[in-house]
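Quick notes on the structure that follows.
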Amino acid sequence: MESLLIGSFHRPSIPVAAEFSPLKTSSHAIERVLKCKAWKRPKRHYSTSMKLQRQYITQEHVGGSDQRTIAADKKLKGRFLVHASSEHPLESQPSKSPWDSVHDAVDAFYRFSRPHTIIGTALSIISVSLLAVEKFSDFSPLFFTGVLEAIVAALFMNIYIVGLNQLSDIEIDKVNKPYLPLASGEYSVQTGVIVVSSFAILSFWLGWIVGSWPLFWALFISFVLGTAYSINLPLLRWKRFAVVAAMCIFAVRAVIVQIAFYLHIQTYVYRRPAVLSRPLIFATAFMSFFSVVIALFKDIPDIVGDKIFGIQSFTVRLGQERVFWICIGLLEMAYLVAIVVGAASSNTWSKHITILGHAALALLLWTRAKSVDFSRKAAITSFYMFIWKLFYAEYLLIPLVR
């Protein structure tokens, strides 16, 4: 697997792009530092990254304040000099303590694993598993063991999928997400390949020894779609095509997670016949809206890099603001449907919780959406993470729908 993955990626150029803060900078300050002998490098290593970052800076931050520009210049200059001294040390540098090395390694892996997706995967499996619980006695050690097995196997596969996506997008991420370990140079391509290969193998190994076919097929289909979505091989890299990319995310987040992990608990843990219950149908329908929103919204902050590298996302084709309000409309529609479903429930406490919970989330979403500043990438990214918080909140409500 490692040789196949390495062969499908271009080795990244030196990660100079990660050192540029996405602010308007003074060309004089940058050029003065670059002319320093300690910074001399073959031009081919960094010309592409600098070109992309300058293009990004020009498009995103024209008109910034002089004070912010000066601060950025100082910070940028300092970063260049640090890298220059590390390349050609002029004086001895203090070595890192073992604790600092461990902290840096954990921090890099934390960013590599994309923790917002890890939390979403774990919460979704717990929530859907609870839909199979019919009575209090169902909370047995067997239930908790089955849920834990599903969570660990799914998280291993989740890390494979997000890691493979970063391996395929190193140059794009130097523009869109320079803080990621591969884009910043903290991880080499070989390290990334070893990590994603290891987690894919661990996921399949755990799924196989557990012996649950719903769990194994959930992992296998996620692996196939996640690979086809990202990897740069003939007929693959489906993320280049907006509709196909959205369908991949829809299939995993809306269908596989709900149905496969529910069946894992229902048929493998409890040994009951497969029945698609009313709460499960609701969860699948609601998360269909949510998965489409996540598929559309995740590209809104990344429009600059996607344009440069020819990724024809809906945001590139339709514009940030238009896609943003399409996402808001879809989510508000989903919340309205959830309120109607809650009103039709015969269970009094479930009715009240479903109606009030979804009405509160719909109001919170609308209030936050009206305050977003589309001229600031940080504001759009912050709102995208807010969408994930709504995603988490929904999985807290789903087990209460009866």
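Letters for chains follow the order of the structure tokens (A, B, ...), residue numbers begin at 1 for each chain, and ligand numbers begin at 1 in the order shown.
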Exercise for the section: List every residue of region 82-261 of chain A that DSSP, applied to the backbone of this structure, assigns to helix (DSSP H, G or I), and report them as a PyMOL selection string. Expected result: chain A and resi 82-87+98-112+115-130+136-138+141-168+170-176+181-184+189-210+213-230+238-240+242-261
Problem - Surrounding residues of Gln266 (chain A) excluding itself and chain neighbours under 2 positions, 12 Å, only C-alpha atoms, as a PyMOL selection string - result: chain A and resi 128-134+138+142-143+146-147+212-215+259-264+268-277+280
If you keep N, CA and C atoms, can you produce a file of those selected residues as an mmCIF file, in the first residue's frame?
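So the final result, stored in part_14.cif, reads:
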```
data_model
loop_
_atom_site.group_PDB
_atom_site.id
_atom_site.type_symbol
_atom_site.label_atom_id
_atom_site.label_comp_id
_atom_site.auth_asym_id
_atom_site.auth_seq_id
_atom_site.Cartn_x
_atom_site.Cartn_y
_atom_site.Cartn_z
ATOM 1 N N VAL A 128 -26.178 6.989 17.006
ATOM 2 C CA VAL A 128 -26.917 5.999 16.205
ATOM 3 C C VAL A 128 -27.029 4.676 16.957
ATOM 4 N N SER A 129 -25.997 4.321 17.705
ATOM 5 C CA SER A 129 -26.047 3.083 18.489
ATOM 6 C C SER A 129 -27.154 3.137 19.535
ATOM 7 N N LEU A 130 -27.375 4.310 20.109
ATOM 8 C CA LEU A 130 -28.420 4.461 21.127
ATOM 9 C C LEU A 130 -29.821 4.269 20.548
ATOM 10 N N LEU A 131 -29.963 4.449 19.233
ATOM 11 C CA LEU A 131 -31.276 4.237 18.610
ATOM 12 C C LEU A 131 -31.705 2.774 18.678
ATOM 13 N N ALA A 132 -30.750 1.879 18.829
ATOM 14 C CA ALA A 132 -31.081 0.449 18.912
ATOM 15 C C ALA A 132 -31.478 0.023 20.322
ATOM 16 N N VAL A 133 -31.263 0.914 21.289
ATOM 17 C CA VAL A 133 -31.613 0.592 22.676
ATOM 18 C C VAL A 133 -33.125 0.691 22.860
ATOM 19 N N GLU A 134 -33.745 -0.377 23.329
ATOM 20 C CA GLU A 134 -35.195 -0.410 23.530
ATOM 21 C C GLU A 134 -35.592 -0.372 24.994
ATOM 22 N N ASP A 138 -30.793 -3.059 28.062
ATOM 23 C CA ASP A 138 -29.945 -3.139 26.868
ATOM 24 C C ASP A 138 -28.571 -2.514 27.097
ATOM 25 N N LEU A 142 -21.897 -5.895 26.869
ATOM 26 C CA LEU A 142 -21.829 -6.263 25.457
ATOM 27 C C LEU A 142 -22.113 -5.051 24.571
ATOM 28 N N PHE A 143 -23.091 -4.222 24.982
ATOM 29 C CA PHE A 143 -23.417 -3.013 24.222
ATOM 30 C C PHE A 143 -22.228 -2.059 24.196
ATOM 31 N N GLY A 146 -19.428 -3.338 22.025
ATOM 32 C CA GLY A 146 -19.749 -3.198 20.606
ATOM 33 C C GLY A 146 -19.600 -1.771 20.115
ATOM 34 N N VAL A 147 -20.034 -0.803 20.937
ATOM 35 C CA VAL A 147 -19.900 0.613 20.565
ATOM 36 C C VAL A 147 -18.430 1.005 20.507
ATOM 37 N N SER A 212 -18.164 -8.415 12.808
ATOM 38 C CA SER A 212 -19.455 -7.809 12.480
ATOM 39 C C SER A 212 -19.449 -7.388 11.018
ATOM 40 N N TRP A 213 -20.328 -7.982 10.209
ATOM 41 C CA TRP A 213 -20.355 -7.625 8.788
ATOM 42 C C TRP A 213 -20.837 -6.196 8.544
ATOM 43 N N PRO A 214 -21.845 -5.686 9.262
ATOM 44 C CA PRO A 214 -22.194 -4.269 9.061
ATOM 45 C C PRO A 214 -21.024 -3.338 9.334
ATOM 46 N N LEU A 215 -20.249 -3.627 10.390
ATOM 47 C CA LEU A 215 -19.082 -2.796 10.704
ATOM 48 C C LEU A 215 -18.030 -2.917 9.609
ATOM 49 N N ILE A 259 -26.963 3.886 8.969
ATOM 50 C CA ILE A 259 -27.524 2.544 8.799
ATOM 51 C C ILE A 259 -26.557 1.446 9.228
ATOM 52 N N ALA A 260 -25.301 1.521 8.795
ATOM 53 C CA ALA A 260 -24.358 0.439 9.076
ATOM 54 C C ALA A 260 -24.068 0.302 10.569
ATOM 55 N N PHE A 261 -23.855 1.416 11.255
ATOM 56 C CA PHE A 261 -23.514 1.313 12.673
ATOM 57 C C PHE A 261 -24.744 0.987 13.522
ATOM 58 N N TYR A 262 -25.917 1.392 13.068
ATOM 59 C CA TYR A 262 -27.148 0.959 13.733
ATOM 60 C C TYR A 262 -27.309 -0.559 13.599
ATOM 61 N N LEU A 263 -27.092 -1.071 12.386
ATOM 62 C CA LEU A 263 -27.205 -2.509 12.166
ATOM 63 C C LEU A 263 -26.123 -3.289 12.907
ATOM 64 N N HIS A 264 -24.974 -2.685 13.098
ATOM 65 C CA HIS A 264 -23.917 -3.326 13.884
ATOM 66 C C HIS A 264 -24.417 -3.628 15.302
ATOM 67 N N TYR A 268 -25.607 -7.464 15.222
ATOM 68 C CA TYR A 268 -24.419 -8.167 15.729
ATOM 69 C C TYR A 268 -24.395 -8.213 17.257
ATOM 70 N N VAL A 269 -24.662 -7.058 17.903
ATOM 71 C CA VAL A 269 -24.590 -7.011 19.371
ATOM 72 C C VAL A 269 -25.839 -7.620 20.006
ATOM 73 N N TYR A 270 -27.029 -7.156 19.579
ATOM 74 C CA TYR A 270 -28.271 -7.624 20.191
ATOM 75 C C TYR A 270 -28.867 -8.864 19.532
ATOM 76 N N ARG A 271 -28.333 -9.244 18.367
ATOM 77 C CA ARG A 271 -28.832 -10.409 17.638
ATOM 78 C C ARG A 271 -30.330 -10.288 17.326
ATOM 79 N N ARG A 272 -30.751 -9.083 16.993
ATOM 80 C CA ARG A 272 -32.145 -8.847 16.631
ATOM 81 C C ARG A 272 -32.267 -8.712 15.120
ATOM 82 N N PRO A 273 -33.451 -8.896 14.577
ATOM 83 C CA PRO A 273 -33.633 -8.731 13.127
ATOM 84 C C PRO A 273 -33.426 -7.275 12.710
ATOM 85 N N ALA A 274 -32.954 -7.079 11.488
ATOM 86 C CA ALA A 274 -32.723 -5.731 10.968
ATOM 87 C C ALA A 274 -34.059 -5.043 10.710
ATOM 88 N N VAL A 275 -34.291 -3.946 11.435
ATOM 89 C CA VAL A 275 -35.527 -3.172 11.290
ATOM 90 C C VAL A 275 -35.156 -1.700 11.180
ATOM 91 N N LEU A 276 -35.652 -1.032 10.156
ATOM 92 C CA LEU A 276 -35.409 0.400 10.002
ATOM 93 C C LEU A 276 -36.480 1.153 10.782
ATOM 94 N N SER A 277 -36.117 1.593 11.959
ATOM 95 C CA SER A 277 -37.075 2.252 12.847
ATOM 96 C C SER A 277 -37.330 3.689 12.420
ATOM 97 N N LEU A 280 -34.438 6.022 13.151
ATOM 98 C CA LEU A 280 -33.327 5.824 12.223
ATOM 99 C C LEU A 280 -33.604 6.483 10.876
#
```
Which residues of region 246-313 of chain A have any atom within 12 Å of an atom in region 177-194 of chain A when counting only C-alpha atoms, and what is the closest pair of atoms for each, with the distance in Å to one decimal? Order the rows by chain and rising number and write it as a tab-separated table.
```
residue	atom	partner	partner_atom	distance
A:Asp299	CA	A:Lys177	CA	11.8
A:Pro301	CA	A:Lys177	CA	9.7
A:Asp302	CA	A:Lys177	CA	8.2
A:Ile303	CA	A:Lys177	CA	11.5
A:Val304	CA	A:Lys177	CA	10.9
A:Gly305	CA	A:Lys177	CA	9.2
A:Asp306	CA	A:Lys177	CA	11.6
```
Next, dump the selected residues to file, keeping only N, CA, C and O atoms, as a PDB file, in the first residue's frame.
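Contents of result_32.pdb, as written:
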```
ATOM      1  N   ASP A 299     -15.696  23.943   1.200  1.00  0.00           N
ATOM      2  CA  ASP A 299     -14.914  24.564   0.132  1.00  0.00           C
ATOM      3  C   ASP A 299     -15.004  26.092   0.133  1.00  0.00           C
ATOM      4  O   ASP A 299     -14.253  26.738  -0.593  1.00  0.00           O
ATOM      5  N   PRO A 301     -14.175  28.395   2.507  1.00  0.00           N
ATOM      6  CA  PRO A 301     -12.948  29.095   2.915  1.00  0.00           C
ATOM      7  C   PRO A 301     -11.754  28.817   2.002  1.00  0.00           C
ATOM      8  O   PRO A 301     -10.761  29.544   2.056  1.00  0.00           O
ATOM      9  N   ASP A 302     -11.835  27.773   1.174  1.00  0.00           N
ATOM     10  CA  ASP A 302     -10.683  27.331   0.386  1.00  0.00           C
ATOM     11  C   ASP A 302     -10.735  27.774  -1.070  1.00  0.00           C
ATOM     12  O   ASP A 302     -10.076  27.182  -1.929  1.00  0.00           O
ATOM     13  N   ILE A 303     -11.497  28.799  -1.366  1.00  0.00           N
ATOM     14  CA  ILE A 303     -11.735  29.184  -2.752  1.00  0.00           C
ATOM     15  C   ILE A 303     -10.456  29.605  -3.473  1.00  0.00           C
ATOM     16  O   ILE A 303     -10.281  29.328  -4.662  1.00  0.00           O
ATOM     17  N   VAL A 304      -9.517  30.241  -2.762  1.00  0.00           N
ATOM     18  CA  VAL A 304      -8.302  30.743  -3.418  1.00  0.00           C
ATOM     19  C   VAL A 304      -7.453  29.596  -3.954  1.00  0.00           C
ATOM     20  O   VAL A 304      -7.101  29.547  -5.127  1.00  0.00           O
ATOM     21  N   GLY A 305      -7.122  28.653  -3.068  1.00  0.00           N
ATOM     22  CA  GLY A 305      -6.307  27.513  -3.512  1.00  0.00           C
ATOM     23  C   GLY A 305      -7.004  26.650  -4.543  1.00  0.00           C
ATOM     24  O   GLY A 305      -6.381  26.151  -5.478  1.00  0.00           O
ATOM     25  N   ASP A 306      -8.328  26.483  -4.388  1.00  0.00           N
ATOM     26  CA  ASP A 306      -9.079  25.672  -5.348  1.00  0.00           C
ATOM     27  C   ASP A 306      -9.060  26.302  -6.736  1.00  0.00           C
ATOM     28  O   ASP A 306      -8.961  25.603  -7.750  1.00  0.00           O
TER      29      ASP A 306
END
```
Which residues of region 214-297 of chain A come within 12 Å of region 196-199 of chain A, and for each one, what is the closest pair of atoms and their distance in Å to one decimal, counting only C-alpha atoms, sorted by chain and residue number, as CSV?
```
residue,atom,partner,partner_atom,distance
A:Leu219,CA,A:Phe199,CA,11.8
A:Phe223,CA,A:Phe199,CA,11.1
A:Gly226,CA,A:Val196,CA,11.9
A:Thr227,CA,A:Val196,CA,11.1
```
Residue contacts of region 244-255 of chain A (9 Å, only C-alpha atoms) excluding same-chain residues fewer than 4 positions away, as a compact mmCIF listing (two decimals) with N, CA, C and O atoms, in the first residue's frame:
```txt
# COMPACT_ATOMS: atom_id res chain seq x y z
N THR A 121 -17.32 11.88 14.04
CA THR A 121 -17.45 10.43 13.81
C THR A 121 -17.81 9.70 15.11
O THR A 121 -18.72 8.86 15.14
N SER A 124 -21.43 10.54 16.23
CA SER A 124 -22.44 9.95 15.36
C SER A 124 -22.63 8.47 15.65
O SER A 124 -23.76 7.97 15.67
N ALA A 218 -19.08 -1.10 6.47
CA ALA A 218 -19.00 0.36 6.67
C ALA A 218 -17.57 0.85 6.48
O ALA A 218 -17.34 1.88 5.83
N ILE A 221 -16.54 0.40 2.54
CA ILE A 221 -17.13 1.40 1.64
C ILE A 221 -16.55 2.78 1.91
O ILE A 221 -16.27 3.55 0.98
N SER A 222 -16.33 3.10 3.18
CA SER A 222 -15.70 4.38 3.53
C SER A 222 -14.29 4.46 2.94
O SER A 222 -13.87 5.51 2.43
N LEU A 225 -14.62 4.99 -0.98
CA LEU A 225 -15.06 6.34 -1.33
C LEU A 225 -14.03 7.39 -0.92
O LEU A 225 -13.78 8.35 -1.66
N GLY A 226 -13.43 7.21 0.27
CA GLY A 226 -12.42 8.16 0.72
C GLY A 226 -11.19 8.16 -0.18
O GLY A 226 -10.60 9.21 -0.44
N ALA A 228 -11.14 7.14 -3.47
CA ALA A 228 -11.52 7.68 -4.78
C ALA A 228 -11.69 9.19 -4.73
O ALA A 228 -11.42 9.89 -5.71
N TYR A 229 -12.11 9.71 -3.59
CA TYR A 229 -12.32 11.15 -3.43
C TYR A 229 -11.01 11.93 -3.55
O TYR A 229 -10.95 12.99 -4.16
N ARG A 237 -9.65 10.81 -7.90
CA ARG A 237 -9.62 12.19 -7.41
C ARG A 237 -10.96 12.88 -7.72
O ARG A 237 -11.05 13.90 -8.38
N TRP A 238 -12.02 12.27 -7.20
CA TRP A 238 -13.37 12.74 -7.49
C TRP A 238 -13.67 14.11 -6.89
O TRP A 238 -14.68 14.73 -7.25
N LYS A 239 -12.85 14.57 -5.98
CA LYS A 239 -13.09 15.89 -5.39
C LYS A 239 -12.99 17.00 -6.43
O LYS A 239 -13.45 18.12 -6.19
N ARG A 240 -12.42 16.71 -7.59
CA ARG A 240 -12.35 17.72 -8.66
C ARG A 240 -13.71 18.04 -9.23
O ARG A 240 -13.89 19.08 -9.87
N ILE A 259 -26.96 3.89 8.97
CA ILE A 259 -27.52 2.54 8.80
C ILE A 259 -26.56 1.45 9.23
O ILE A 259 -26.92 0.53 9.98
N ALA A 260 -25.30 1.52 8.80
CA ALA A 260 -24.36 0.44 9.08
C ALA A 260 -24.07 0.30 10.57
O ALA A 260 -24.05 -0.82 11.10
N ALA A 283 -33.06 10.16 11.35
CA ALA A 283 -31.64 10.49 11.43
C ALA A 283 -30.99 10.47 10.05
O ALA A 283 -30.20 11.37 9.71
N THR A 284 -31.33 9.47 9.25
CA THR A 284 -30.75 9.38 7.91
C THR A 284 -31.20 10.54 7.03
O THR A 284 -30.38 11.14 6.31
N ALA A 285 -32.49 10.89 7.11
CA ALA A 285 -33.01 11.99 6.29
C ALA A 285 -32.40 13.32 6.73
O ALA A 285 -31.97 14.13 5.88
N PHE A 286 -32.33 13.56 8.04
CA PHE A 286 -31.80 14.83 8.52
C PHE A 286 -30.32 14.96 8.17
O PHE A 286 -29.87 16.01 7.71
N MET A 287 -29.56 13.89 8.39
CA MET A 287 -28.14 13.97 8.09
C MET A 287 -27.85 14.01 6.60
O MET A 287 -26.74 14.35 6.20
N SER A 288 -28.84 13.67 5.77
CA SER A 288 -28.68 13.87 4.34
C SER A 288 -28.53 15.36 4.03
O SER A 288 -27.67 15.77 3.24
N PHE A 289 -29.37 16.18 4.68
CA PHE A 289 -29.24 17.63 4.53
C PHE A 289 -27.89 18.09 5.06
O PHE A 289 -27.18 18.88 4.42
N PHE A 290 -27.55 17.62 6.25
CA PHE A 290 -26.34 18.10 6.91
C PHE A 290 -25.08 17.71 6.13
O PHE A 290 -24.13 18.49 6.03
N SER A 291 -25.05 16.50 5.59
CA SER A 291 -23.87 16.06 4.86
C SER A 291 -23.67 16.87 3.58
O SER A 291 -22.54 17.19 3.20
N VAL A 292 -24.77 17.21 2.92
CA VAL A 292 -24.68 18.06 1.72
C VAL A 292 -24.16 19.45 2.10
O VAL A 292 -23.31 20.02 1.40
N VAL A 293 -24.64 19.97 3.21
CA VAL A 293 -24.17 21.29 3.67
C VAL A 293 -22.67 21.26 3.97
O VAL A 293 -21.92 22.16 3.57
N ILE A 294 -22.22 20.23 4.67
CA ILE A 294 -20.78 20.12 4.97
C ILE A 294 -19.97 19.99 3.68
O ILE A 294 -18.91 20.60 3.53
N ALA A 295 -20.48 19.20 2.74
CA ALA A 295 -19.78 19.02 1.46
C ALA A 295 -19.65 20.34 0.71
O ALA A 295 -18.61 20.60 0.08
N LEU A 296 -20.69 21.17 0.77
CA LEU A 296 -20.64 22.46 0.09
C LEU A 296 -19.82 23.48 0.87
O LEU A 296 -19.02 24.22 0.30
N SER A 313 -15.04 23.32 -7.51
CA SER A 313 -16.04 23.20 -6.45
C SER A 313 -17.23 24.11 -6.76
O SER A 313 -17.15 25.01 -7.61
```
Problem - Residues near Ile209 (chain A), cut-off 12 Å, only C-alpha atoms, skip fewer than 5 positions along chain, as an MDAnalysis selection string - result: chainID A and resid 149:150 153 202:204 215:216
Practice task
Find, counting only C-alpha atoms, the residue in A:Thr267, A:Phe297, A:Leu330, A:Gly357 that gets nearest to Gly211 (chain A).
Solution key: A:Thr267
Report as a PDB file with N, CA and C atoms, in the first residue's frame all protein, DNA and RNA residues lying within 9 Å of Val195 (chain A), evaluated on only C-alpha atoms, omitting residues in the same chain fewer than 6 positions from it.
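Written output follows (result.pdb):
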```pdb
ATOM      1  N   ILE A 159      -8.928   8.674  10.210  1.00  0.00           N
ATOM      2  CA  ILE A 159      -7.580   9.240  10.102  1.00  0.00           C
ATOM      3  C   ILE A 159      -6.963   8.877   8.749  1.00  0.00           C
ATOM      4  N   TYR A 160      -7.219   7.662   8.272  1.00  0.00           N
ATOM      5  CA  TYR A 160      -6.738   7.300   6.929  1.00  0.00           C
ATOM      6  C   TYR A 160      -7.307   8.250   5.872  1.00  0.00           C
ATOM      7  N   GLY A 163      -6.047  11.876   6.271  1.00  0.00           N
ATOM      8  CA  GLY A 163      -4.619  11.908   5.980  1.00  0.00           C
ATOM      9  C   GLY A 163      -4.335  11.766   4.501  1.00  0.00           C
TER      10      GLY A 163
END
```
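CA of Phe386 (chain A) is positioned 23.6 Å from CA of Lys174 (chain A).
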Handout entry: One-decimal distance in Å that lies between CA of Thr117 (chain A) and CA of Leu400 (chain A)
Key = 22.8 Å
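The nearest approach to Gly310 (chain A) among the residues A:Leu167, A:Ala344, A:Ala242, A:Ala105, with only C-alpha atoms taken into account, belongs to A:Ala242.
For the residues A:Glu394, A:Ile119, A:Ser371, A:Thr348, ranking by smallest atom-to-atom distance to Leu331 (chain A) using only C-alpha atoms places A:Glu394 first.
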